[in-house]
file upload22.txt (compact mmCIF, C-alpha atoms)
# COMPACT_ATOMS: atom_id res chain seq x y z
CA MET A 1 12.22 -21.29 -33.10
CA ASP A 2 11.75 -23.06 -36.41
CA GLU A 3 12.56 -20.07 -38.57
CA PRO A 4 11.96 -21.60 -42.01
CA ALA A 5 8.53 -22.90 -40.90
CA LEU A 6 7.60 -19.51 -39.45
CA ILE A 7 8.66 -17.79 -42.67
CA ARG A 8 6.64 -20.25 -44.75
CA ASN A 9 3.54 -19.74 -42.60
CA ALA A 10 3.99 -15.98 -42.67
CA GLN A 11 4.25 -16.12 -46.46
CA HIS A 12 0.80 -17.71 -46.43
CA GLY A 13 -0.57 -14.83 -44.40
CA ASP A 14 -0.11 -16.15 -40.85
CA LEU A 15 0.37 -12.95 -38.89
CA ASP A 16 1.18 -14.74 -35.63
CA ALA A 17 4.08 -16.52 -37.31
CA PHE A 18 5.35 -13.22 -38.67
CA ASN A 19 5.02 -11.56 -35.27
CA THR A 20 7.15 -14.34 -33.74
CA LEU A 21 9.84 -13.38 -36.25
CA VAL A 22 9.34 -9.70 -35.39
CA LEU A 23 9.92 -10.43 -31.70
CA ALA A 24 13.09 -12.34 -32.55
CA TYR A 25 14.56 -9.61 -34.75
CA GLN A 26 13.11 -6.34 -33.50
CA ASP A 27 16.08 -5.66 -31.26
CA ILE A 28 18.69 -5.82 -34.03
CA VAL A 29 16.40 -4.01 -36.47
CA TYR A 30 15.71 -1.12 -34.08
CA ASN A 31 19.33 -0.76 -32.95
CA THR A 32 20.58 -0.80 -36.54
CA ALA A 33 18.09 1.92 -37.47
CA LEU A 34 19.05 3.90 -34.38
CA ARG A 35 22.76 3.84 -35.22
CA ILE A 36 22.16 4.79 -38.84
CA LEU A 37 19.63 7.52 -38.08
CA GLY A 38 20.85 8.71 -34.68
CA ASP A 39 17.31 9.49 -33.52
CA GLU A 40 15.07 7.29 -31.39
CA ASP A 41 11.74 8.35 -32.86
CA LEU A 42 12.93 8.13 -36.44
CA ALA A 43 14.47 4.74 -35.69
CA ALA A 44 11.18 3.48 -34.22
CA ASP A 45 9.27 4.73 -37.28
CA ALA A 46 11.78 3.17 -39.67
CA SER A 47 11.65 -0.15 -37.78
CA GLN A 48 7.86 -0.29 -37.84
CA GLU A 49 7.82 0.67 -41.50
CA ALA A 50 10.44 -1.97 -42.23
CA PHE A 51 8.39 -4.74 -40.59
CA ILE A 52 5.25 -3.71 -42.47
CA SER A 53 7.18 -3.63 -45.76
CA ALA A 54 8.77 -6.97 -44.93
CA PHE A 55 5.38 -8.58 -44.32
CA ARG A 56 4.03 -7.22 -47.58
CA ALA A 57 7.09 -8.28 -49.55
CA LEU A 58 7.55 -11.61 -47.80
CA ASN A 59 6.80 -13.54 -50.97
CA SER A 60 9.88 -12.00 -52.57
CA TYR A 61 12.10 -13.66 -49.92
CA ARG A 62 13.78 -16.58 -51.66
CA GLY A 63 15.84 -18.17 -48.91
CA GLY A 64 19.28 -17.23 -47.60
CA SER A 65 19.86 -15.24 -44.42
CA PHE A 66 16.50 -13.92 -43.23
CA ARG A 67 18.34 -11.58 -40.88
CA ALA A 68 20.20 -10.04 -43.84
CA TRP A 69 16.94 -9.76 -45.82
CA LEU A 70 15.23 -8.02 -42.91
CA LEU A 71 18.18 -5.71 -42.32
CA ARG A 72 18.13 -4.78 -45.97
CA THR A 73 14.50 -3.70 -45.55
CA VAL A 74 15.30 -1.57 -42.51
CA THR A 75 18.38 -0.09 -44.20
CA ASN A 76 16.19 0.99 -47.11
CA ALA A 77 13.66 2.47 -44.68
CA CYS A 78 16.51 4.38 -43.01
CA TYR A 79 17.74 5.72 -46.36
CA ASP A 80 14.19 6.91 -47.12
CA GLU A 81 14.05 8.57 -43.72
CA LEU A 82 17.42 10.26 -44.26
CA ARG A 83 16.29 11.55 -47.65
CA ARG A 84 13.13 12.96 -46.05
CA LYS A 85 15.20 14.47 -43.25
CA ARG A 86 17.49 16.14 -45.76
CA ARG A 87 14.47 17.63 -47.52
CA ARG A 88 12.85 18.81 -44.27
CA PRO A 89 15.54 19.47 -41.64
CA THR A 90 14.13 19.59 -38.11
CA THR A 91 15.42 20.58 -34.71
CA PRO A 92 15.87 17.85 -32.08
CA LEU A 93 12.96 17.34 -29.71
CA GLU A 94 15.07 16.54 -26.64
CA PRO A 95 13.68 18.43 -23.67
CA GLU A 96 15.76 21.39 -22.60
CA THR A 97 16.53 23.04 -19.27
CA GLY A 98 15.89 26.71 -18.72
CA ASP A 99 19.48 27.42 -19.83
CA GLY A 100 18.93 25.74 -23.17
CA ASP A 101 20.91 22.58 -22.28
CA GLU A 102 19.46 19.26 -23.34
CA VAL A 103 18.07 17.11 -20.56
CA GLU A 104 19.33 13.54 -20.61
CA THR A 105 16.41 11.19 -21.08
CA PRO A 106 16.38 7.96 -19.07
CA ARG A 107 15.94 5.97 -22.27
CA TRP A 108 19.51 6.80 -23.19
CA LEU A 109 20.57 4.41 -20.52
CA ALA A 110 20.92 0.85 -21.73
CA ASP A 111 20.94 -0.85 -18.37
CA PRO A 112 18.90 0.67 -15.57
CA ASN A 113 20.36 -1.85 -13.09
CA ALA A 114 23.91 -0.58 -13.59
CA SER A 115 25.52 1.69 -11.02
CA PRO A 116 25.33 5.44 -11.65
CA GLU A 117 29.01 5.41 -12.60
CA GLU A 118 28.53 2.61 -15.10
CA GLN A 119 25.47 4.34 -16.50
CA LEU A 120 27.49 7.51 -16.97
CA ASP A 121 30.24 5.54 -18.69
CA GLN A 122 27.73 3.98 -21.04
CA VAL A 123 26.15 7.32 -21.85
CA GLU A 124 29.51 8.90 -22.61
CA LEU A 125 30.62 5.99 -24.72
CA GLU A 126 27.38 6.02 -26.65
CA HIS A 127 27.53 9.76 -27.23
CA ALA A 128 31.09 9.50 -28.53
CA ILE A 129 30.28 6.61 -30.85
CA GLN A 130 27.09 8.18 -32.18
CA HIS A 131 28.83 11.48 -32.78
CA CYS A 132 31.59 9.78 -34.75
CA LEU A 133 29.15 7.61 -36.70
CA GLU A 134 27.13 10.63 -37.76
CA ASN A 135 30.25 12.19 -39.23
CA LEU A 136 30.59 9.28 -41.65
CA PRO A 137 28.99 9.18 -45.10
CA THR A 138 25.79 7.09 -44.97
CA ASP A 139 27.19 4.19 -47.00
CA PHE A 140 30.22 3.85 -44.73
CA ARG A 141 28.07 4.22 -41.63
CA THR A 142 25.74 1.45 -42.74
CA VAL A 143 28.61 -0.96 -43.37
CA VAL A 144 30.33 -0.25 -40.06
CA VAL A 145 27.05 -0.48 -38.12
CA LEU A 146 26.27 -3.84 -39.67
CA ALA A 147 29.76 -5.32 -39.38
CA ASP A 148 31.14 -3.88 -36.15
CA ILE A 149 28.08 -3.03 -34.08
CA GLN A 150 25.69 -5.79 -35.15
CA GLY A 151 28.44 -8.32 -35.83
CA LEU A 152 27.42 -9.45 -39.32
CA ASP A 153 30.07 -11.16 -41.42
CA TYR A 154 31.21 -9.72 -44.75
CA THR A 155 28.93 -11.98 -46.79
CA GLU A 156 25.85 -10.89 -44.85
CA VAL A 157 26.82 -7.22 -45.06
CA ALA A 158 27.27 -7.63 -48.83
CA ALA A 159 23.80 -9.18 -49.02
CA VAL A 160 22.28 -6.32 -47.05
CA VAL A 161 23.82 -3.47 -49.02
CA LYS A 162 23.89 -5.39 -52.32
CA LYS A 163 27.54 -4.62 -53.01
CA PRO A 164 30.47 -6.94 -53.78
CA LEU A 165 32.75 -8.17 -50.99
CA GLY A 166 35.61 -5.97 -52.22
CA THR A 167 33.47 -2.85 -51.76
CA ILE A 168 32.48 -3.95 -48.26
CA LYS A 169 36.13 -4.54 -47.34
CA SER A 170 37.16 -1.15 -48.67
CA ARG A 171 34.26 0.77 -47.08
CA LEU A 172 34.81 -0.91 -43.75
CA ALA A 173 38.52 -0.02 -43.76
CA ARG A 174 37.79 3.60 -44.63
CA ALA A 175 35.05 3.82 -42.02
CA ARG A 176 37.28 2.34 -39.32
CA LEU A 177 40.08 4.74 -40.21
CA ARG A 178 37.79 7.74 -39.87
CA LEU A 179 36.25 6.40 -36.69
CA ARG A 180 39.66 5.75 -35.23
CA GLU A 181 40.61 9.40 -35.77
CA CYS A 182 37.32 10.63 -34.38
CA LEU A 183 37.31 8.35 -31.35
CA GLN A 184 40.86 9.36 -30.50
CA SER A 185 39.55 12.78 -29.57
CA PHE A 186 37.19 11.11 -27.09
CA ARG A 187 39.73 8.72 -25.66
CA GLU A 188 39.86 10.51 -22.31
CA LEU A 189 36.08 10.21 -22.03
CA LEU A 190 35.98 6.48 -22.64
CA PRO A 191 35.25 4.35 -19.57
CA ALA A 192 38.25 3.18 -17.60
CA ALA A 193 36.98 -0.39 -17.45
CA PHE A 194 36.72 -0.40 -21.21
CA ARG A 195 40.30 0.84 -21.64
CA LEU A 196 41.57 -1.98 -19.42
CA GLU A 197 39.69 -4.50 -21.50
CA GLU A 198 41.25 -3.00 -24.61
CA LYS A 199 44.75 -3.55 -23.21
CA ARG A 200 43.91 -7.18 -22.61
CA GLY A 201 42.58 -7.42 -26.16
CA LEU A 202 45.76 -6.10 -27.74
CA MET B 1 59.27 2.67 -40.70
CA THR B 2 56.81 4.09 -43.28
CA THR B 3 53.30 5.49 -43.00
CA PRO B 4 50.91 2.71 -44.01
CA SER B 5 49.13 3.28 -47.30
CA PHE B 6 45.35 2.90 -47.67
CA ARG B 7 45.94 -0.49 -49.26
CA ASP B 8 47.85 -1.50 -46.11
CA MET B 9 45.01 -0.26 -43.92
CA GLU B 10 42.50 -2.19 -46.02
CA GLN B 11 44.59 -5.32 -45.57
CA LEU B 12 44.92 -4.72 -41.84
CA SER B 13 41.16 -4.23 -41.52
CA ALA B 14 40.46 -7.45 -43.41
CA PHE B 15 43.16 -9.20 -41.36
CA LEU B 16 41.33 -8.23 -38.17
CA ASP B 17 38.16 -9.87 -39.47
CA GLY B 18 39.96 -12.97 -40.71
CA GLN B 19 39.12 -12.14 -44.32
CA LEU B 20 42.60 -12.63 -45.84
CA SER B 21 43.75 -15.75 -47.61
CA GLN B 22 46.44 -17.82 -45.88
CA VAL B 23 49.15 -16.45 -48.19
CA GLU B 24 48.10 -12.82 -47.67
CA LYS B 25 47.84 -13.38 -43.95
CA THR B 26 51.35 -14.85 -43.63
CA ARG B 27 52.84 -12.07 -45.74
CA LEU B 28 51.09 -9.36 -43.71
CA GLU B 29 52.08 -10.91 -40.38
CA ALA B 30 55.71 -10.87 -41.48
CA ARG B 31 55.44 -7.19 -42.42
CA ILE B 32 53.77 -6.31 -39.12
CA GLN B 33 56.67 -7.94 -37.27
CA LEU B 34 59.15 -5.78 -39.15
CA ASP B 35 57.25 -2.49 -39.37
CA PRO B 36 56.22 -0.82 -36.09
CA ALA B 37 54.01 1.65 -38.00
CA LEU B 38 51.94 -1.22 -39.35
CA ALA B 39 51.74 -2.77 -35.89
CA ALA B 40 50.57 0.56 -34.44
CA ALA B 41 47.97 1.00 -37.18
CA LEU B 42 46.69 -2.50 -36.52
CA ALA B 43 46.41 -1.73 -32.81
CA ASP B 44 44.47 1.46 -33.54
CA LEU B 45 42.09 -0.31 -35.90
CA ARG B 46 41.58 -3.08 -33.40
CA GLN B 47 40.77 -0.57 -30.70
CA ALA B 48 38.31 1.32 -32.91
CA ARG B 49 36.59 -1.95 -33.73
CA ALA B 50 36.50 -2.99 -30.08
CA ILE B 51 34.94 0.33 -29.06
CA LEU B 52 32.23 -0.10 -31.70
CA ARG B 53 31.56 -3.62 -30.49
CA HIS B 54 30.93 -2.18 -27.05
CA THR B 55 28.26 0.19 -28.29
CA PRO B 56 25.49 -0.05 -25.70
CA LYS B 57 22.30 -1.63 -26.95
CA ARG B 58 19.19 0.44 -26.48
CA ARG B 59 16.06 -1.04 -25.06
CA LEU B 60 13.14 -0.98 -27.46
CA PRO B 61 10.65 1.85 -27.00
CA CYS B 62 7.85 -0.61 -27.85
CA ASN B 63 7.17 -3.91 -29.59
CA PHE B 64 6.98 -3.74 -33.37
CA THR B 65 4.52 -6.61 -33.83
CA LEU B 66 1.94 -6.02 -36.52
CA THR B 67 -1.83 -5.90 -36.15
CA PRO B 68 -4.29 -7.03 -38.84
CA LYS B 69 -5.19 -3.38 -39.32
CA MET B 70 -1.60 -2.56 -40.28
CA THR B 71 -1.43 -5.42 -42.72
CA ARG B 72 -4.87 -4.86 -44.19
CA LEU B 73 -3.82 -1.57 -45.70
CA ARG B 74 -2.10 -3.46 -48.51
CA PRO B 75 -1.90 -7.23 -48.21
CA PRO B 76 0.96 -9.08 -49.89
CA LEU B 77 0.28 -9.76 -53.53
CA PRO B 78 -1.18 -13.21 -54.12
CA ARG B 79 0.96 -15.83 -55.77
CA LEU B 80 -1.26 -15.65 -58.86
CA VAL B 81 0.12 -12.26 -59.75
CA PRO B 82 2.48 -13.57 -62.45
CA ALA B 83 -0.44 -15.45 -64.01
CA LEU B 84 -2.55 -12.31 -63.84
CA SER B 85 0.17 -10.34 -65.55
CA TRP B 86 0.23 -12.90 -68.34
CA ALA B 87 -3.55 -12.73 -68.64
CA SER B 88 -3.41 -8.96 -68.91
CA ALA B 89 -0.63 -9.14 -71.49
CA THR B 90 -2.59 -11.70 -73.52
CA ALA B 91 -5.70 -9.57 -73.31
CA LEU B 92 -3.77 -6.56 -74.57
CA LEU B 93 -2.30 -8.62 -77.37
CA LEU B 94 -5.75 -9.82 -78.40
CA PHE B 95 -7.04 -6.29 -78.29
CA ILE B 96 -4.26 -5.06 -80.55
CA LEU B 97 -4.89 -8.04 -82.81
CA THR B 98 -8.54 -7.05 -82.98
CA LEU B 99 -7.71 -3.55 -84.04
CA GLY B 100 -5.11 -4.81 -86.47
CA THR B 101 -7.53 -7.31 -88.02
CA ASN B 102 -10.12 -4.60 -88.39
CA LEU B 103 -7.77 -2.19 -90.04
CA LEU B 104 -6.42 -4.89 -92.35
CA GLY B 105 -9.96 -5.88 -93.20
CA GLN B 106 -10.77 -2.29 -93.89
CA ILE B 107 -7.81 -1.92 -96.23
CA SER B 108 -8.45 -5.15 -98.11
CA PHE B 109 -12.19 -4.70 -98.45
CA GLY B 110 -11.87 -0.99 -99.14
CA ALA B 111 -15.03 0.87 -99.93
CA ALA B 112 -16.83 -2.39 -100.52
CA ALA B 113 -16.63 -3.38 -96.87
CA PRO B 114 -20.20 -4.45 -96.26
CA MET B 115 -20.77 -3.04 -92.84
CA MET B 116 -19.11 0.26 -93.45
CA ALA B 117 -20.72 0.82 -96.78
CA ALA B 118 -24.09 -0.01 -95.39
CA ALA B 119 -23.62 1.90 -92.18
CA PRO B 120 -22.20 5.35 -92.44
CA MET B 121 -22.03 6.37 -88.81
CA THR B 122 -23.51 9.40 -87.29
CA SER B 123 -22.90 10.51 -83.79
CA GLU B 124 -26.35 9.30 -82.75
CA GLY B 125 -25.93 6.01 -84.55
CA TYR B 126 -22.75 4.60 -83.09
CA GLY B 127 -23.32 6.29 -79.78
CA VAL B 128 -26.14 3.88 -78.95
CA GLY B 129 -24.98 0.62 -80.36
CA GLY B 130 -24.21 1.11 -84.00
CA GLY B 131 -26.34 -1.52 -85.65
CA PRO B 132 -29.51 0.32 -86.46
CA ALA B 133 -27.60 3.34 -87.67
CA ALA B 134 -27.29 1.47 -90.93
CA THR B 135 -30.92 2.23 -91.49
CA GLN B 136 -30.34 5.96 -91.69
CA PRO B 137 -30.22 7.50 -95.12
CA PRO B 138 -26.71 7.84 -96.54
CA VAL B 139 -25.32 11.36 -96.53
CA THR B 140 -23.71 11.19 -99.95
CA ASP B 141 -22.57 8.41 -102.24
CA ASN B 142 -18.92 9.26 -101.73
CA THR B 143 -19.09 9.35 -97.98
CA GLN B 144 -16.89 6.79 -96.42
CA VAL B 145 -16.43 6.87 -92.71
CA ILE B 146 -13.11 5.59 -91.48
CA PRO B 147 -13.86 3.68 -88.31
CA THR B 148 -11.85 4.39 -85.24
CA ALA B 149 -11.05 1.92 -82.48
CA GLU B 150 -13.90 3.37 -80.51
CA THR B 151 -16.22 2.71 -83.40
CA PHE B 152 -15.42 -0.99 -83.37
CA VAL B 153 -15.71 -1.31 -79.66
CA MET B 154 -19.09 0.33 -79.77
CA MET B 155 -20.18 -1.79 -82.66
CA ALA B 156 -19.71 -5.05 -80.82
CA PRO B 157 -23.30 -5.39 -79.62
CA ALA B 158 -24.62 -4.47 -83.04
CA ALA B 159 -26.55 -7.70 -83.37
CA THR B 160 -29.24 -6.52 -81.00
CA PRO B 161 -30.57 -3.13 -81.80
CA SER B 162 -31.23 -1.06 -78.73
CA GLY B 163 -34.41 0.75 -77.97
CA GLU B 164 -32.70 4.10 -78.11
CA ALA B 165 -31.43 3.36 -81.58
CA ARG B 166 -34.91 2.59 -82.68
CA LEU B 167 -35.94 5.97 -81.37
CA VAL B 168 -33.36 7.64 -83.54
CA ALA B 169 -34.58 6.03 -86.75
CA PRO B 170 -37.82 4.26 -86.04
CA ALA B 171 -39.31 4.09 -89.50
CA ALA B 172 -36.29 3.66 -91.65
CA ALA B 173 -35.51 0.06 -90.80
CA PRO B 174 -36.89 -1.63 -93.86
CA ALA B 175 -35.72 1.12 -96.19
CA THR B 176 -32.37 -0.41 -97.15
CA LYS B 177 -31.46 -3.95 -97.73
CA ALA B 178 -27.83 -4.92 -97.25
CA THR B 179 -26.48 -7.35 -99.79
CA PRO B 180 -25.26 -10.55 -98.07
CA GLU B 181 -21.48 -10.39 -97.83
CA PRO B 182 -19.11 -12.64 -95.84
CA VAL B 183 -18.70 -11.00 -92.44
CA ASN B 184 -15.30 -11.12 -90.75
CA LEU B 185 -16.07 -12.46 -87.28
CA TRP B 186 -12.49 -12.73 -86.02
CA PRO B 187 -12.34 -9.25 -84.49
CA TYR B 188 -15.36 -10.03 -82.37
CA ILE B 189 -13.94 -13.37 -81.30
CA TRP B 190 -10.63 -11.75 -80.25
CA LEU B 191 -12.43 -8.99 -78.46
CA GLY B 192 -14.66 -11.46 -76.63
CA LEU B 193 -11.66 -13.52 -75.56
CA ALA B 194 -9.86 -10.41 -74.35
CA ALA B 195 -12.88 -9.37 -72.29
CA VAL B 196 -13.19 -12.85 -70.79
CA LEU B 197 -9.49 -12.87 -69.85
CA VAL B 198 -9.63 -9.46 -68.24
CA ALA B 199 -12.76 -10.40 -66.29
CA ALA B 200 -11.18 -13.68 -65.15
CA ALA B 201 -7.99 -11.91 -64.07
CA LEU B 202 -9.93 -9.37 -62.04
CA LEU B 203 -12.11 -12.03 -60.44
CA ILE B 204 -9.14 -14.22 -59.47
CA ARG B 205 -7.27 -11.29 -58.00
CA ARG B 206 -10.30 -10.17 -56.00
CA ALA B 207 -10.89 -13.68 -54.71
CA SER B 208 -7.23 -14.03 -53.70
CA VAL B 209 -7.15 -10.77 -51.81
CA GLN B 210 -10.42 -11.58 -50.04
CA ALA B 211 -9.19 -15.05 -49.11
CA PHE B 212 -5.96 -13.57 -47.75
CA ARG B 213 -7.76 -10.98 -45.67
CA ARG B 214 -10.15 -13.61 -44.29
CA LYS B 215 -7.20 -15.80 -43.37
CA VAL B 216 -5.28 -13.06 -41.61
CA GLY B 217 -8.36 -11.90 -39.72
CA VAL B 218 -9.32 -15.40 -38.61
CA LYS B 219 -5.81 -16.35 -37.53
CA HIS B 220 -5.34 -13.22 -35.52
CA ASN B 221 -8.69 -13.40 -33.78
CA SER B 222 -8.44 -17.05 -32.89
call {"tool": "encode", "arguments": {"input": "upload22.txt", "output": "structure tokens"}}
result
Amino acid sequence: MDEPALIRNAQHGDLDAFNTLVLAYQDIVYNTALRILGDEDLAADASQEAFISAFRALNSYRGGSFRAWLLRTVTNACYDELRRKRRRPTTPLEPETGDGDEVETPRWLADPNASPEEQLDQVELEHAIQHCLENLPTDFRTVVVLADIQGLDYTEVAAVVKKPLGTIKSRLARARLRLRECLQSFRELLPAAFRLEEKRGL
Amino acid sequence: MTTPSFRDMEQLSAFLDGQLSQVEKTRLEARIQLDPALAAALADLRQARAILRHTPKRRLPCNFTLTPKMTRLRPPLPRLVPALSWASATALLLFILTLGTNLLGQISFGAAAPMMAAAPMTSEGYGVGGGPAATQPPVTDNTQVIPTAETFVMMAPAATPSGEARLVAPAAAPATKATPEPVNLWPYIWLGLAAVLVAAALLIRRASVQAFRRKVGVKHNS
């Protein structure tokens, strides 16, 4: 994929070129929105809105990391969504059983080919992480999602949130500290395979 | 063994990501060797980071590719926008200049201003073009109408009397005879230029947007 050429063509109104970029980045954009917002439908809306905004504002892109530029757009869309959510709080739309318990939707599962045990592990891990992320202030959550979940380096994160490197470093440390405390309460729920891998990592 | 401070934790977090300078890194490594609390904190941070890195990726609910309909709502602004902004600014400047010139002219010429003296405005007069209103009988000798911006704008086509104006004062045309005085044409020139600039700006913008829409439509359909 010749990214600079695609961007140039898209800047001249070539929608096919832009859609090639969308296909390349939609995964990271959607998953970033999902981790910031914690809601699939809101994340899908924010992602679509972000791509439309990006296409309209494409002429304001002046080089540098296109991924960071795009993630900045989706981060802004997520902040807008969170502001709206704060103004109009809603109840989750997860289907419920007769007893009032939420029914797990198949879309929660990342890999349908995994064994039931692995799927359960993934679901539990995801629940734990999402729960802990949602307890973080939005600014911290954004930084930790970008750096630790999406794997951006500090410079890219700074470009996305438009803050100096020192702020990124500080926010990331604070976020990790809080997450560490939160995740400790879920340690027993974390998958066994993952814990083994952790021991190797240390 | 001491509880690590926030500064220590910040350093440990940056150390994990390889964001410390060589000097800072060496110093911190030495401290970690000596302080088990720091080593434990580093292990905890590393584990938290590793857990986050294992966050399962969700499959997309749908593709987010755009359709021409989505983009047609508001196409990206054409590259001529800065030029258009300048044209608008220049037009505004010329407009203000026009008003300024008129007011200055009014002050310097005073009551002897030829057009004003000869043409005390009535609502019927300047409402239909201004020019022929000069043919109406003056109200009093002392009457001096201070023109407003609207007055000047409406007076622009004064050279050609309209039919309606003739209806207002059909027989009075030859009654007065204005003495030939030098007429200040600059306001009309500025105003004309401003109008031309605004019209050009609007036309260019419209053409750009249409060209963009045509391009997007054609590319997508092909």
call {"tool": "residues_around", "arguments": {"input": "upload22.txt", "residues": "range 90-98 of chain B", "least_positions_apart": "3", "cutoff": "7 Å", "atoms": "all atoms listed in the file", "output": "NGL selection string"}}
result
:B and (86-87 or 101-102 or 187 or 190-191 or 194 or 197-198)
call {"tool": "interface_residues", "arguments": {"input": "upload22.txt", "of": "chain A", "to": "chain B", "cutoff": "7 Å", "atoms": "only C-alpha atoms", "output": "PDB file with C-alpha atoms, keeping the file's coordinate frame"}}
result
ATOM      1  CA  GLY A  13      -0.570 -14.830 -44.400  1.00  0.00           C
ATOM      2  CA  ASP A  14      -0.110 -16.150 -40.850  1.00  0.00           C
ATOM      3  CA  LEU A  15       0.370 -12.950 -38.890  1.00  0.00           C
ATOM      4  CA  ASP A  16       1.180 -14.740 -35.630  1.00  0.00           C
ATOM      5  CA  ASN A  19       5.020 -11.560 -35.270  1.00  0.00           C
ATOM      6  CA  VAL A  22       9.340  -9.700 -35.390  1.00  0.00           C
ATOM      7  CA  LEU A  23       9.920 -10.430 -31.700  1.00  0.00           C
ATOM      8  CA  GLN A  26      13.110  -6.340 -33.500  1.00  0.00           C
ATOM      9  CA  ASP A  27      16.080  -5.660 -31.260  1.00  0.00           C
ATOM     10  CA  ASN A  31      19.330  -0.760 -32.950  1.00  0.00           C
ATOM     11  CA  GLN A  48       7.860  -0.290 -37.840  1.00  0.00           C
ATOM     12  CA  ILE A  52       5.250  -3.710 -42.470  1.00  0.00           C
ATOM     13  CA  ARG A  56       4.030  -7.220 -47.580  1.00  0.00           C
ATOM     14  CA  ALA A  57       7.090  -8.280 -49.550  1.00  0.00           C
ATOM     15  CA  ALA A 110      20.920   0.850 -21.730  1.00  0.00           C
ATOM     16  CA  GLN A 122      27.730   3.980 -21.040  1.00  0.00           C
ATOM     17  CA  GLU A 126      27.380   6.020 -26.650  1.00  0.00           C
ATOM     18  CA  ASP A 148      31.140  -3.880 -36.150  1.00  0.00           C
ATOM     19  CA  ILE A 149      28.080  -3.030 -34.080  1.00  0.00           C
ATOM     20  CA  LYS A 169      36.130  -4.540 -47.340  1.00  0.00           C
ATOM     21  CA  SER A 170      37.160  -1.150 -48.670  1.00  0.00           C
ATOM     22  CA  ALA A 173      38.520  -0.020 -43.760  1.00  0.00           C
ATOM     23  CA  ARG A 176      37.280   2.340 -39.320  1.00  0.00           C
ATOM     24  CA  LEU A 177      40.080   4.740 -40.210  1.00  0.00           C
ATOM     25  CA  LEU A 179      36.250   6.400 -36.690  1.00  0.00           C
ATOM     26  CA  ARG A 180      39.660   5.750 -35.230  1.00  0.00           C
ATOM     27  CA  GLU A 198      41.250  -3.000 -24.610  1.00  0.00           C
ATOM     28  CA  LEU A 202      45.760  -6.100 -27.740  1.00  0.00           C
TER      29      LEU A 202
END
call {"tool": "closest_residue", "arguments": {"input": "upload22.txt", "among": "A:Ala50, A:Val29, A:Leu58, A:Lys85", "to": "Asn9 in chain A", "atoms": "all atoms listed in the file"}}
result
A:Leu58
call {"tool": "atom_distance", "arguments": {"input": "upload22.txt", "atom1": "CA of Lys162 in chain A", "atom2": "CA of Leu146 in chain A"}}
result
13.0 Å
call {"tool": "atom_distance", "arguments": {"input": "upload22.txt", "atom1": "CA of Phe140 in chain A", "atom2": "CA of Pro164 in chain A"}}
result
14.1 Å
call {"tool": "residues_around", "arguments": {"input": "upload22.txt", "residues": "range 25-37 of chain B", "least_positions_apart": "6", "cutoff": "7 Å", "atoms": "all atoms listed in the file", "output": "mmCIF file with C-alpha atoms, in the coordinates of the input"}}
result
data_model
loop_
_atom_site.group_PDB
_atom_site.id
_atom_site.type_symbol
_atom_site.label_atom_id
_atom_site.label_comp_id
_atom_site.auth_asym_id
_atom_site.auth_seq_id
_atom_site.Cartn_x
_atom_site.Cartn_y
_atom_site.Cartn_z
ATOM 1 C CA MET B 1 59.270 2.670 -40.700
ATOM 2 C CA THR B 2 56.810 4.090 -43.280
ATOM 3 C CA THR B 3 53.300 5.490 -43.000
ATOM 4 C CA PRO B 4 50.910 2.710 -44.010
ATOM 5 C CA PHE B 15 43.160 -9.200 -41.360
#
call {"tool": "residues_around", "arguments": {"input": "upload22.txt", "residues": "Asn76 in chain A", "least_positions_apart": "3", "cutoff": "12 Å", "atoms": "all atoms listed in the file", "output": "list in words"}}
result
Val29, Thr32, Ala33, Ile36, Leu37, Ala46, Ser47, Glu49, Ala50, Phe51, Ser53, Ala54, Trp69, Leu70, Leu71, Arg72, Thr73, Tyr79, Asp80, Glu81, Leu82, Arg83, Thr138, Asp139, Thr142, Val160, Val161 and Lys162 of chain A
call {"tool": "atom_distance", "arguments": {"input": "upload22.txt", "atom1": "CA of Phe66 in chain A", "atom2": "CA of Leu6 in chain A"}}
result
11.2 Å
call {"tool": "residues_around", "arguments": {"input": "upload22.txt", "residues": "Leu165 in chain A", "least_positions_apart": "6", "cutoff": "8 Å", "atoms": "all atoms listed in the file", "output": "PyMOL selection string"}}
result
chain A and resi 154-155+158
